[in-house]
Structure formats: C-alpha cells, structure tokens
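Colleague: So that you have it, the file is protein17.txt, and it contains compact mmCIF, N, CA and C atoms:
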# COMPACT_ATOMS: atom_id res chain seq x y z
N MET W 180 218.65 76.62 138.35
CA MET W 180 218.80 76.52 139.79
C MET W 180 220.26 76.34 140.18
N ASN W 181 221.03 75.63 139.35
CA ASN W 181 222.45 75.45 139.64
C ASN W 181 223.19 76.78 139.64
N ASP W 182 222.73 77.73 138.79
CA ASP W 182 223.36 79.05 138.76
C ASP W 182 223.21 79.76 140.10
N VAL W 183 222.03 79.62 140.72
CA VAL W 183 221.78 80.26 142.01
C VAL W 183 222.67 79.62 143.08
N LYS W 184 222.75 78.29 143.07
CA LYS W 184 223.61 77.60 144.05
C LYS W 184 225.06 78.01 143.86
N GLN W 185 225.50 78.12 142.62
CA GLN W 185 226.88 78.54 142.35
C GLN W 185 227.12 79.97 142.84
N LEU W 186 226.16 80.85 142.60
CA LEU W 186 226.29 82.24 143.04
C LEU W 186 226.39 82.31 144.56
N ILE W 187 225.54 81.58 145.26
CA ILE W 187 225.57 81.59 146.73
C ILE W 187 226.89 81.02 147.23
N LYS W 188 227.41 79.99 146.57
CA LYS W 188 228.71 79.43 146.94
C LYS W 188 229.81 80.48 146.77
N GLU W 189 229.78 81.21 145.66
CA GLU W 189 230.77 82.26 145.41
C GLU W 189 230.66 83.39 146.45
N ILE W 190 229.43 83.75 146.81
CA ILE W 190 229.23 84.79 147.81
C ILE W 190 229.87 84.34 149.13
N ASN W 191 229.60 83.10 149.54
CA ASN W 191 230.17 82.57 150.79
C ASN W 191 231.69 82.58 150.75
N GLU W 192 232.26 82.28 149.60
CA GLU W 192 233.72 82.25 149.45
C GLU W 192 234.33 83.66 149.48
N ASN W 193 233.52 84.67 149.24
CA ASN W 193 234.01 86.05 149.18
C ASN W 193 233.52 86.92 150.32
N ASN W 194 232.96 86.31 151.36
CA ASN W 194 232.46 87.09 152.48
C ASN W 194 233.56 87.69 153.34
N ASP W 195 234.82 87.44 152.98
CA ASP W 195 235.92 88.11 153.67
C ASP W 195 236.08 89.54 153.17
N LYS W 196 235.45 89.86 152.04
CA LYS W 196 235.51 91.22 151.52
C LYS W 196 234.60 92.10 152.36
N LYS W 197 235.08 93.30 152.66
CA LYS W 197 234.32 94.20 153.53
C LYS W 197 233.20 94.88 152.75
N VAL W 198 231.98 94.66 153.21
CA VAL W 198 230.80 95.30 152.63
C VAL W 198 230.14 96.12 153.74
N VAL W 199 229.92 97.40 153.44
CA VAL W 199 229.29 98.30 154.40
C VAL W 199 228.02 98.87 153.77
N VAL W 200 226.91 98.75 154.49
CA VAL W 200 225.65 99.34 154.04
C VAL W 200 225.38 100.57 154.91
N TYR W 201 225.27 101.72 154.26
CA TYR W 201 224.93 102.98 154.93
C TYR W 201 223.43 103.16 154.76
N ALA W 202 222.69 103.08 155.87
CA ALA W 202 221.24 103.05 155.78
C ALA W 202 220.61 103.95 156.84
N LEU W 203 219.36 104.31 156.58
CA LEU W 203 218.57 105.07 157.53
C LEU W 203 217.54 104.15 158.17
N ASP W 204 217.36 104.26 159.48
CA ASP W 204 216.27 103.54 160.13
C ASP W 204 214.96 104.03 159.58
N GLY W 205 214.05 103.12 159.28
CA GLY W 205 212.74 103.50 158.77
C GLY W 205 212.69 103.72 157.27
N CYS W 206 213.79 103.47 156.57
CA CYS W 206 213.86 103.65 155.11
C CYS W 206 213.47 102.34 154.42
N PRO W 207 212.35 102.32 153.67
CA PRO W 207 211.91 101.09 153.02
C PRO W 207 212.94 100.52 152.04
N ALA W 208 213.60 101.37 151.27
CA ALA W 208 214.62 100.89 150.32
C ALA W 208 215.80 100.27 151.07
N CYS W 209 216.18 100.87 152.20
CA CYS W 209 217.29 100.34 153.00
C CYS W 209 216.94 98.96 153.54
N GLU W 210 215.71 98.82 154.03
CA GLU W 210 215.27 97.53 154.58
C GLU W 210 215.21 96.47 153.48
N GLU W 211 214.71 96.85 152.30
CA GLU W 211 214.65 95.92 151.17
C GLU W 211 216.06 95.44 150.81
N LEU W 212 217.00 96.37 150.73
CA LEU W 212 218.38 96.04 150.41
C LEU W 212 218.96 95.04 151.41
N LYS W 213 218.84 95.36 152.68
CA LYS W 213 219.42 94.50 153.73
C LYS W 213 218.79 93.11 153.72
N THR W 214 217.46 93.06 153.55
CA THR W 214 216.77 91.77 153.52
C THR W 214 217.27 90.91 152.35
N LYS W 215 217.39 91.52 151.18
CA LYS W 215 217.83 90.76 150.01
C LYS W 215 219.28 90.34 150.12
N LEU W 216 220.14 91.20 150.66
CA LEU W 216 221.54 90.81 150.86
C LEU W 216 221.63 89.63 151.82
N GLU W 217 220.85 89.67 152.87
CA GLU W 217 220.84 88.57 153.85
C GLU W 217 220.35 87.28 153.22
N LYS W 218 219.34 87.36 152.33
CA LYS W 218 218.80 86.16 151.68
C LYS W 218 219.84 85.43 150.85
N VAL W 219 220.76 86.18 150.24
CA VAL W 219 221.79 85.52 149.42
C VAL W 219 223.08 85.29 150.20
N GLY W 220 223.08 85.65 151.48
CA GLY W 220 224.20 85.32 152.35
C GLY W 220 225.34 86.32 152.41
N VAL W 221 225.09 87.56 151.97
CA VAL W 221 226.14 88.58 152.04
C VAL W 221 226.30 89.04 153.49
N VAL W 222 227.53 88.97 153.98
CA VAL W 222 227.83 89.49 155.32
C VAL W 222 228.21 90.96 155.16
N TYR W 223 227.55 91.82 155.91
CA TYR W 223 227.81 93.26 155.78
C TYR W 223 227.76 93.93 157.13
N GLU W 224 228.39 95.10 157.17
CA GLU W 224 228.30 95.96 158.35
C GLU W 224 227.22 96.99 158.07
N ASN W 225 226.28 97.15 158.99
CA ASN W 225 225.21 98.12 158.84
C ASN W 225 225.57 99.39 159.61
N VAL W 226 225.66 100.52 158.91
CA VAL W 226 225.94 101.80 159.55
C VAL W 226 224.65 102.63 159.50
N VAL W 227 224.12 102.91 160.68
CA VAL W 227 222.89 103.71 160.78
C VAL W 227 223.27 105.18 160.61
N MET W 228 222.63 105.81 159.63
CA MET W 228 223.00 107.18 159.27
C MET W 228 222.13 108.24 159.94
N ASN W 229 221.04 107.85 160.59
CA ASN W 229 220.18 108.82 161.26
C ASN W 229 220.98 109.62 162.28
N GLY W 230 221.08 110.93 162.09
CA GLY W 230 221.79 111.80 163.03
C GLY W 230 223.28 111.57 163.12
N ASN W 231 223.86 110.88 162.14
CA ASN W 231 225.28 110.52 162.18
C ASN W 231 226.08 111.44 161.25
N ASP W 232 226.24 112.69 161.66
CA ASP W 232 226.91 113.70 160.82
C ASP W 232 228.32 113.28 160.43
N LYS W 233 229.03 112.62 161.33
CA LYS W 233 230.40 112.19 161.05
C LYS W 233 230.44 111.22 159.86
N MET W 234 229.49 110.28 159.80
CA MET W 234 229.45 109.33 158.68
C MET W 234 228.98 110.01 157.39
N TRP W 235 228.04 110.96 157.49
CA TRP W 235 227.62 111.69 156.29
C TRP W 235 228.82 112.45 155.70
N ASP W 236 229.64 113.05 156.57
CA ASP W 236 230.86 113.74 156.11
C ASP W 236 231.81 112.76 155.43
N LYS W 237 231.96 111.57 156.01
CA LYS W 237 232.83 110.54 155.41
C LYS W 237 232.33 110.15 154.02
N LEU W 238 231.01 109.92 153.91
CA LEU W 238 230.44 109.57 152.60
C LEU W 238 230.65 110.68 151.59
N ASP W 239 230.48 111.92 152.02
CA ASP W 239 230.68 113.07 151.15
C ASP W 239 232.12 113.09 150.62
N LYS W 240 233.08 112.85 151.50
CA LYS W 240 234.49 112.84 151.09
C LYS W 240 234.80 111.70 150.12
N MET W 241 234.00 110.61 150.21
CA MET W 241 234.19 109.46 149.32
C MET W 241 233.45 109.65 148.00
N GLY W 242 232.72 110.76 147.86
CA GLY W 242 231.98 111.03 146.63
C GLY W 242 230.53 110.62 146.70
N GLY W 243 230.08 110.23 147.87
CA GLY W 243 228.69 109.84 148.04
C GLY W 243 227.78 111.04 148.12
N SER W 244 226.52 110.76 148.38
CA SER W 244 225.54 111.84 148.43
C SER W 244 224.74 111.72 149.73
N GLU W 245 223.84 112.64 149.95
CA GLU W 245 222.96 112.59 151.12
C GLU W 245 221.75 111.74 150.77
N PHE W 246 222.01 110.48 150.54
CA PHE W 246 221.01 109.55 150.05
C PHE W 246 221.28 108.19 150.69
N ALA W 247 220.25 107.47 151.01
CA ALA W 247 220.43 106.11 151.53
C ALA W 247 219.43 105.20 150.81
N PRO W 248 219.83 103.96 150.58
CA PRO W 248 221.06 103.33 151.02
C PRO W 248 222.22 103.57 150.05
N GLN W 249 223.41 103.44 150.60
CA GLN W 249 224.63 103.41 149.80
C GLN W 249 225.43 102.20 150.28
N VAL W 250 226.21 101.62 149.38
CA VAL W 250 227.00 100.43 149.72
C VAL W 250 228.45 100.65 149.34
N GLN W 251 229.32 100.24 150.25
CA GLN W 251 230.76 100.27 149.99
C GLN W 251 231.25 98.83 150.00
N VAL W 252 231.98 98.45 148.96
CA VAL W 252 232.61 97.14 148.89
C VAL W 252 234.11 97.40 148.86
N GLU W 253 234.80 96.90 149.89
CA GLU W 253 236.21 97.19 150.08
C GLU W 253 236.38 98.71 150.10
N ASP W 254 237.15 99.28 149.17
CA ASP W 254 237.37 100.73 149.16
C ASP W 254 236.51 101.46 148.13
N TYR W 255 235.54 100.77 147.51
CA TYR W 255 234.75 101.37 146.45
C TYR W 255 233.32 101.66 146.94
N LEU W 256 232.91 102.91 146.85
CA LEU W 256 231.55 103.29 147.19
C LEU W 256 230.71 103.29 145.92
N ILE W 257 229.63 102.52 145.94
CA ILE W 257 228.69 102.50 144.81
C ILE W 257 227.80 103.72 144.96
N LYS W 258 227.93 104.64 144.04
CA LYS W 258 227.26 105.93 144.15
C LYS W 258 225.83 105.87 143.63
N GLU W 259 225.04 106.80 144.11
CA GLU W 259 223.61 106.87 143.79
C GLU W 259 223.34 106.86 142.29
N GLU W 260 224.18 107.54 141.53
CA GLU W 260 223.94 107.64 140.08
C GLU W 260 224.29 106.35 139.34
N GLU W 261 224.86 105.37 140.03
CA GLU W 261 225.26 104.11 139.40
C GLU W 261 224.13 103.08 139.35
N TYR W 262 223.01 103.35 140.00
CA TYR W 262 221.92 102.38 140.00
C TYR W 262 220.58 103.10 140.12
N GLU W 263 219.52 102.42 139.65
CA GLU W 263 218.17 102.99 139.75
C GLU W 263 217.28 102.20 140.70
N THR W 264 217.53 100.89 140.82
CA THR W 264 216.69 100.05 141.66
C THR W 264 217.56 99.34 142.71
N ILE W 265 216.90 98.82 143.73
CA ILE W 265 217.61 98.05 144.75
C ILE W 265 218.25 96.81 144.13
N ASN W 266 217.56 96.16 143.20
CA ASN W 266 218.14 94.99 142.54
C ASN W 266 219.42 95.36 141.78
N GLU W 267 219.43 96.53 141.14
CA GLU W 267 220.65 96.98 140.46
C GLU W 267 221.77 97.21 141.46
N LEU W 268 221.44 97.79 142.62
CA LEU W 268 222.44 98.02 143.65
C LEU W 268 223.00 96.68 144.17
N ILE W 269 222.14 95.70 144.34
CA ILE W 269 222.60 94.38 144.77
C ILE W 269 223.50 93.77 143.70
N GLY W 270 223.11 93.88 142.44
CA GLY W 270 223.94 93.37 141.35
C GLY W 270 225.32 94.01 141.33
N LYS W 271 225.37 95.32 141.53
CA LYS W 271 226.66 96.02 141.55
C LYS W 271 227.47 95.63 142.79
N THR W 272 226.80 95.40 143.92
CA THR W 272 227.49 94.95 145.13
C THR W 272 228.13 93.59 144.88
N LEU W 273 227.36 92.66 144.31
CA LEU W 273 227.88 91.32 144.04
C LEU W 273 228.97 91.35 142.97
N THR W 274 228.81 92.22 141.97
CA THR W 274 229.84 92.37 140.93
C THR W 274 231.16 92.78 141.57
N ARG W 275 231.11 93.74 142.49
CA ARG W 275 232.33 94.19 143.18
C ARG W 275 232.90 93.10 144.08
N MET W 276 232.02 92.35 144.74
CA MET W 276 232.48 91.28 145.63
C MET W 276 233.15 90.13 144.87
N LEU W 277 232.53 89.74 143.75
CA LEU W 277 232.92 88.53 143.05
C LEU W 277 233.87 88.76 141.89
N GLY W 278 234.00 90.02 141.47
CA GLY W 278 234.92 90.32 140.38
C GLY W 278 234.42 89.91 139.02
N ARG W 279 233.11 89.71 138.90
CA ARG W 279 232.49 89.43 137.59
C ARG W 279 231.12 90.06 137.58
N LYS W 280 230.62 90.38 136.39
CA LYS W 280 229.35 91.10 136.28
C LYS W 280 228.18 90.22 136.71
N ILE W 281 227.41 90.74 137.65
CA ILE W 281 226.21 90.07 138.13
C ILE W 281 225.03 91.00 137.90
N THR W 282 223.98 90.48 137.26
CA THR W 282 222.77 91.24 137.02
C THR W 282 221.62 90.58 137.76
N ILE W 283 220.90 91.35 138.56
CA ILE W 283 219.76 90.85 139.30
C ILE W 283 218.50 91.47 138.69
N LYS W 284 217.57 90.63 138.31
CA LYS W 284 216.33 91.14 137.69
C LYS W 284 215.18 91.08 138.66
What is this file in structure tokens?
Modeller:
Amino acid sequence: MNDVKQLIKEINENNDKKVVVYALDGCPACEELKTKLEKVGVVYENVVMNGNDKMWDKLDKMGGSEFAPQVQVEDYLIKEEEYETINELIGKTLTRMLGRKITIK
C-alpha cells in the first residue's frame, strides 16, 4: 500500500508535465483511460478528436495513427504500437511523467 501512496505522491509532484489525451467521444477505451488517469491523479488535457481533422493531421505529423486513445507526455507521443492494453498505456504515460519505469497490471 505504501508503494501506491508513493506513486500518487510522485504523480502529484509531476503534474506540471503536460499530458494530452487524444480521445473520441463514445470510445470505451478512451473513457477507461481517462477514468483511470483521474483515479491516480494525473492532470491532463482532453482533446476530442471527433470531426477534428486539424488534430488528426497534427497526430499524423507526430507519427501517430488514426486510432484513439493516444497520449502525449511533454513532446513525446506514445504510439499505438507501443502498447496493447489501456493499463500498458497508463504505465507508459506514468513512466514518461516520472522518469522511471512504471508497470500497471
């Protein structure tokens, strides 16, 4: 339990890092991601991608795909091929935020 408290403390200390979630309204995986990030206290900007061609073009230029959700931490976009589950995506998001490997099971 102390590990969880320590992790949440570290997240709070690193919430100055910019985290952007690119999501679609009505997407179950997107909702799961946002709910879990909120549970551990990650502050993020939510970008709704429905009908947002300008943002899809931006993601494409950053190496992203036509897939949601995608997460950007600072200047790094976590690409679709880097994770298989929402928990893996959260782990990679926290790893980028905290500068150490975080695995969520």
Colleague: If I wrap all listed atoms of range 232-239 of chain W in a box with edges along x, y and z and add 8 Å on each side, what are its centre and edge lengths in Å to one decimal, as JSON?
Modeller:
{"center_x": 229.5, "center_y": 111.5, "center_z": 156.1, "size_x": 22.6, "size_y": 20.4, "size_z": 27.0}
Colleague: Have a look at CA of Cys209 in chain W and CA of Asn181 in chain W and let me know their distance in Å, one decimal.
Modeller: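 Calculated distance between CA of Cys209 in chain W and CA of Asn181 in chain W is 28.7 Å.
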Colleague: So the first atom is CA of Gly278 in chain W and the second is atom C of Leu186 in chain W; what is the distance between them in Å, to one decimal place?
Modeller: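 Separation between CA of Gly278 in chain W and atom C of Leu186 in chain W: 12.4 Å.
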Colleague: As a list of chain:residue names, please: the residues near range 221-232 of chain W (cut-off 7 Å, all atoms listed in the file, same-chain neighbours under 6 positions excluded).
Modeller: W:Ile190, W:Asn191, W:Asn194, W:Lys197, W:Val198, W:Val199, W:Val200, W:Tyr201, W:Ala202, W:Leu203, W:Asp204, W:Lys215
Colleague: Next, the residues of the selection above should be written as a CSV table (one decimal), in the frame of the given file with N, CA and C atoms.
Modeller:
chain,number,residue,atom,x,y,z
W,190,ILE,N,229.4,83.8,146.8
W,190,ILE,CA,229.2,84.8,147.8
W,190,ILE,C,229.9,84.3,149.1
W,191,ASN,N,229.6,83.1,149.5
W,191,ASN,CA,230.2,82.6,150.8
W,191,ASN,C,231.7,82.6,150.8
W,194,ASN,N,233.0,86.3,151.4
W,194,ASN,CA,232.5,87.1,152.5
W,194,ASN,C,233.6,87.7,153.3
W,197,LYS,N,235.1,93.3,152.7
W,197,LYS,CA,234.3,94.2,153.5
W,197,LYS,C,233.2,94.9,152.8
W,198,VAL,N,232.0,94.7,153.2
W,198,VAL,CA,230.8,95.3,152.6
W,198,VAL,C,230.1,96.1,153.7
W,199,VAL,N,229.9,97.4,153.4
W,199,VAL,CA,229.3,98.3,154.4
W,199,VAL,C,228.0,98.9,153.8
W,200,VAL,N,226.9,98.8,154.5
W,200,VAL,CA,225.6,99.3,154.0
W,200,VAL,C,225.4,100.6,154.9
W,201,TYR,N,225.3,101.7,154.3
W,201,TYR,CA,224.9,103.0,154.9
W,201,TYR,C,223.4,103.2,154.8
W,202,ALA,N,222.7,103.1,155.9
W,202,ALA,CA,221.2,103.0,155.8
W,202,ALA,C,220.6,104.0,156.8
W,203,LEU,N,219.4,104.3,156.6
W,203,LEU,CA,218.6,105.1,157.5
W,203,LEU,C,217.5,104.2,158.2
W,204,ASP,N,217.4,104.3,159.5
W,204,ASP,CA,216.3,103.5,160.1
W,204,ASP,C,215.0,104.0,159.6
W,215,LYS,N,217.4,91.5,151.2
W,215,LYS,CA,217.8,90.8,150.0
W,215,LYS,C,219.3,90.3,150.1
Colleague: What is the distance between atom C of Trp235 in chain W and atom C of Glu253 in chain W, in Å to one decimal?
Modeller: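 Interatomic distance here is 16.7 Å.
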Colleague: Let's see if you can do this: from backbone DSSP, list all strand (DSSP E) residues in chain W, as JSON, numbers by chain.
Modeller: {"W": [198, 199, 200, 201, 202, 224, 225, 226, 227, 249, 250, 251, 252, 255, 256, 257]}
Colleague: For a quick check of understanding, using only N, CA and C atoms, which of W:Arg279, W:Glu211, W:Glu217, W:Met234 has the smallest distance to Ile265 in chain W?
Modeller: W:Glu211
Colleague: For Gly220 in chain W, which of W:Ile257, W:Met276, W:Ile187, W:Ile269 is the closest residue, counting all atoms listed in the file?
Modeller: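 Using all atoms listed in the file, the shortest distance to Gly220 in chain W belongs to W:Ile187.
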Colleague: List the spatial neighbours of Glu261 in chain W as a list in words - criterion: any atom at most 8 Å away, all atoms listed in the file, same-chain residues fewer than 5 positions off excluded.
Modeller: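 The residues satisfying every condition are Glu267, Leu268 and Lys271 of chain W.
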Colleague: Identify all residues of chain W in helix (DSSP H, G or I) (DSSP on the backbone) and supply them as a ChimeraX atom specification.
Modeller: /W:181-192,207-218,232-240,259-261,265-277
Colleague: Let me see the file: selected residues, N, CA and C atoms, as a compact mmCIF listing (two decimals), keeping the file's coordinate frame.
Modeller:
# COMPACT_ATOMS: atom_id res chain seq x y z
N ASN W 181 221.03 75.63 139.35
CA ASN W 181 222.45 75.45 139.64
C ASN W 181 223.19 76.78 139.64
N ASP W 182 222.73 77.73 138.79
CA ASP W 182 223.36 79.05 138.76
C ASP W 182 223.21 79.76 140.10
N VAL W 183 222.03 79.62 140.72
CA VAL W 183 221.78 80.26 142.01
C VAL W 183 222.67 79.62 143.08
N LYS W 184 222.75 78.29 143.07
CA LYS W 184 223.61 77.60 144.05
C LYS W 184 225.06 78.01 143.86
N GLN W 185 225.50 78.12 142.62
CA GLN W 185 226.88 78.54 142.35
C GLN W 185 227.12 79.97 142.84
N LEU W 186 226.16 80.85 142.60
CA LEU W 186 226.29 82.24 143.04
C LEU W 186 226.39 82.31 144.56
N ILE W 187 225.54 81.58 145.26
CA ILE W 187 225.57 81.59 146.73
C ILE W 187 226.89 81.02 147.23
N LYS W 188 227.41 79.99 146.57
CA LYS W 188 228.71 79.43 146.94
C LYS W 188 229.81 80.48 146.77
N GLU W 189 229.78 81.21 145.66
CA GLU W 189 230.77 82.26 145.41
C GLU W 189 230.66 83.39 146.45
N ILE W 190 229.43 83.75 146.81
CA ILE W 190 229.23 84.79 147.81
C ILE W 190 229.87 84.34 149.13
N ASN W 191 229.60 83.10 149.54
CA ASN W 191 230.17 82.57 150.79
C ASN W 191 231.69 82.58 150.75
N GLU W 192 232.26 82.28 149.60
CA GLU W 192 233.72 82.25 149.45
C GLU W 192 234.33 83.66 149.48
N PRO W 207 212.35 102.32 153.67
CA PRO W 207 211.91 101.09 153.02
C PRO W 207 212.94 100.52 152.04
N ALA W 208 213.60 101.37 151.27
CA ALA W 208 214.62 100.89 150.32
C ALA W 208 215.80 100.27 151.07
N CYS W 209 216.18 100.87 152.20
CA CYS W 209 217.29 100.34 153.00
C CYS W 209 216.94 98.96 153.54
N GLU W 210 215.71 98.82 154.03
CA GLU W 210 215.27 97.53 154.58
C GLU W 210 215.21 96.47 153.48
N GLU W 211 214.71 96.85 152.30
CA GLU W 211 214.65 95.92 151.17
C GLU W 211 216.06 95.44 150.81
N LEU W 212 217.00 96.37 150.73
CA LEU W 212 218.38 96.04 150.41
C LEU W 212 218.96 95.04 151.41
N LYS W 213 218.84 95.36 152.68
CA LYS W 213 219.42 94.50 153.73
C LYS W 213 218.79 93.11 153.72
N THR W 214 217.46 93.06 153.55
CA THR W 214 216.77 91.77 153.52
C THR W 214 217.27 90.91 152.35
N LYS W 215 217.39 91.52 151.18
CA LYS W 215 217.83 90.76 150.01
C LYS W 215 219.28 90.34 150.12
N LEU W 216 220.14 91.20 150.66
CA LEU W 216 221.54 90.81 150.86
C LEU W 216 221.63 89.63 151.82
N GLU W 217 220.85 89.67 152.87
CA GLU W 217 220.84 88.57 153.85
C GLU W 217 220.35 87.28 153.22
N LYS W 218 219.34 87.36 152.33
CA LYS W 218 218.80 86.16 151.68
C LYS W 218 219.84 85.43 150.85
N ASP W 232 226.24 112.69 161.66
CA ASP W 232 226.91 113.70 160.82
C ASP W 232 228.32 113.28 160.43
N LYS W 233 229.03 112.62 161.33
CA LYS W 233 230.40 112.19 161.05
C LYS W 233 230.44 111.22 159.86
N MET W 234 229.49 110.28 159.80
CA MET W 234 229.45 109.33 158.68
C MET W 234 228.98 110.01 157.39
N TRP W 235 228.04 110.96 157.49
CA TRP W 235 227.62 111.69 156.29
C TRP W 235 228.82 112.45 155.70
N ASP W 236 229.64 113.05 156.57
CA ASP W 236 230.86 113.74 156.11
C ASP W 236 231.81 112.76 155.43
N LYS W 237 231.96 111.57 156.01
CA LYS W 237 232.83 110.54 155.41
C LYS W 237 232.33 110.15 154.02
N LEU W 238 231.01 109.92 153.91
CA LEU W 238 230.44 109.57 152.60
C LEU W 238 230.65 110.68 151.59
N ASP W 239 230.48 111.92 152.02
CA ASP W 239 230.68 113.07 151.15
C ASP W 239 232.12 113.09 150.62
N LYS W 240 233.08 112.85 151.50
CA LYS W 240 234.49 112.84 151.09
C LYS W 240 234.80 111.70 150.12
N GLU W 259 225.04 106.80 144.11
CA GLU W 259 223.61 106.87 143.79
C GLU W 259 223.34 106.86 142.29
N GLU W 260 224.18 107.54 141.53
CA GLU W 260 223.94 107.64 140.08
C GLU W 260 224.29 106.35 139.34
N GLU W 261 224.86 105.37 140.03
CA GLU W 261 225.26 104.11 139.40
C GLU W 261 224.13 103.08 139.35
N ILE W 265 216.90 98.82 143.73
CA ILE W 265 217.61 98.05 144.75
C ILE W 265 218.25 96.81 144.13
N ASN W 266 217.56 96.16 143.20
CA ASN W 266 218.14 94.99 142.54
C ASN W 266 219.42 95.36 141.78
N GLU W 267 219.43 96.53 141.14
CA GLU W 267 220.65 96.98 140.46
C GLU W 267 221.77 97.21 141.46
N LEU W 268 221.44 97.79 142.62
CA LEU W 268 222.44 98.02 143.65
C LEU W 268 223.00 96.68 144.17
N ILE W 269 222.14 95.70 144.34
CA ILE W 269 222.60 94.38 144.77
C ILE W 269 223.50 93.77 143.70
N GLY W 270 223.11 93.88 142.44
CA GLY W 270 223.94 93.37 141.35
C GLY W 270 225.32 94.01 141.33
N LYS W 271 225.37 95.32 141.53
CA LYS W 271 226.66 96.02 141.55
C LYS W 271 227.47 95.63 142.79
N THR W 272 226.80 95.40 143.92
CA THR W 272 227.49 94.95 145.13
C THR W 272 228.13 93.59 144.88
N LEU W 273 227.36 92.66 144.31
CA LEU W 273 227.88 91.32 144.04
C LEU W 273 228.97 91.35 142.97
N THR W 274 228.81 92.22 141.97
CA THR W 274 229.84 92.37 140.93
C THR W 274 231.16 92.78 141.57
N ARG W 275 231.11 93.74 142.49
CA ARG W 275 232.33 94.19 143.18
C ARG W 275 232.90 93.10 144.08
N MET W 276 232.02 92.35 144.74
CA MET W 276 232.48 91.28 145.63
C MET W 276 233.15 90.13 144.87
N LEU W 277 232.53 89.74 143.75
CA LEU W 277 232.92 88.53 143.05
C LEU W 277 233.87 88.76 141.89
Colleague: Given all atoms listed in the file as the basis, pick out the residue of W:Lys213, W:Leu277, W:Lys218, W:Lys233 nearest to Asn193 in chain W.
Modeller: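 For Asn193 in chain W, the nearest of the given residues is W:Leu277.
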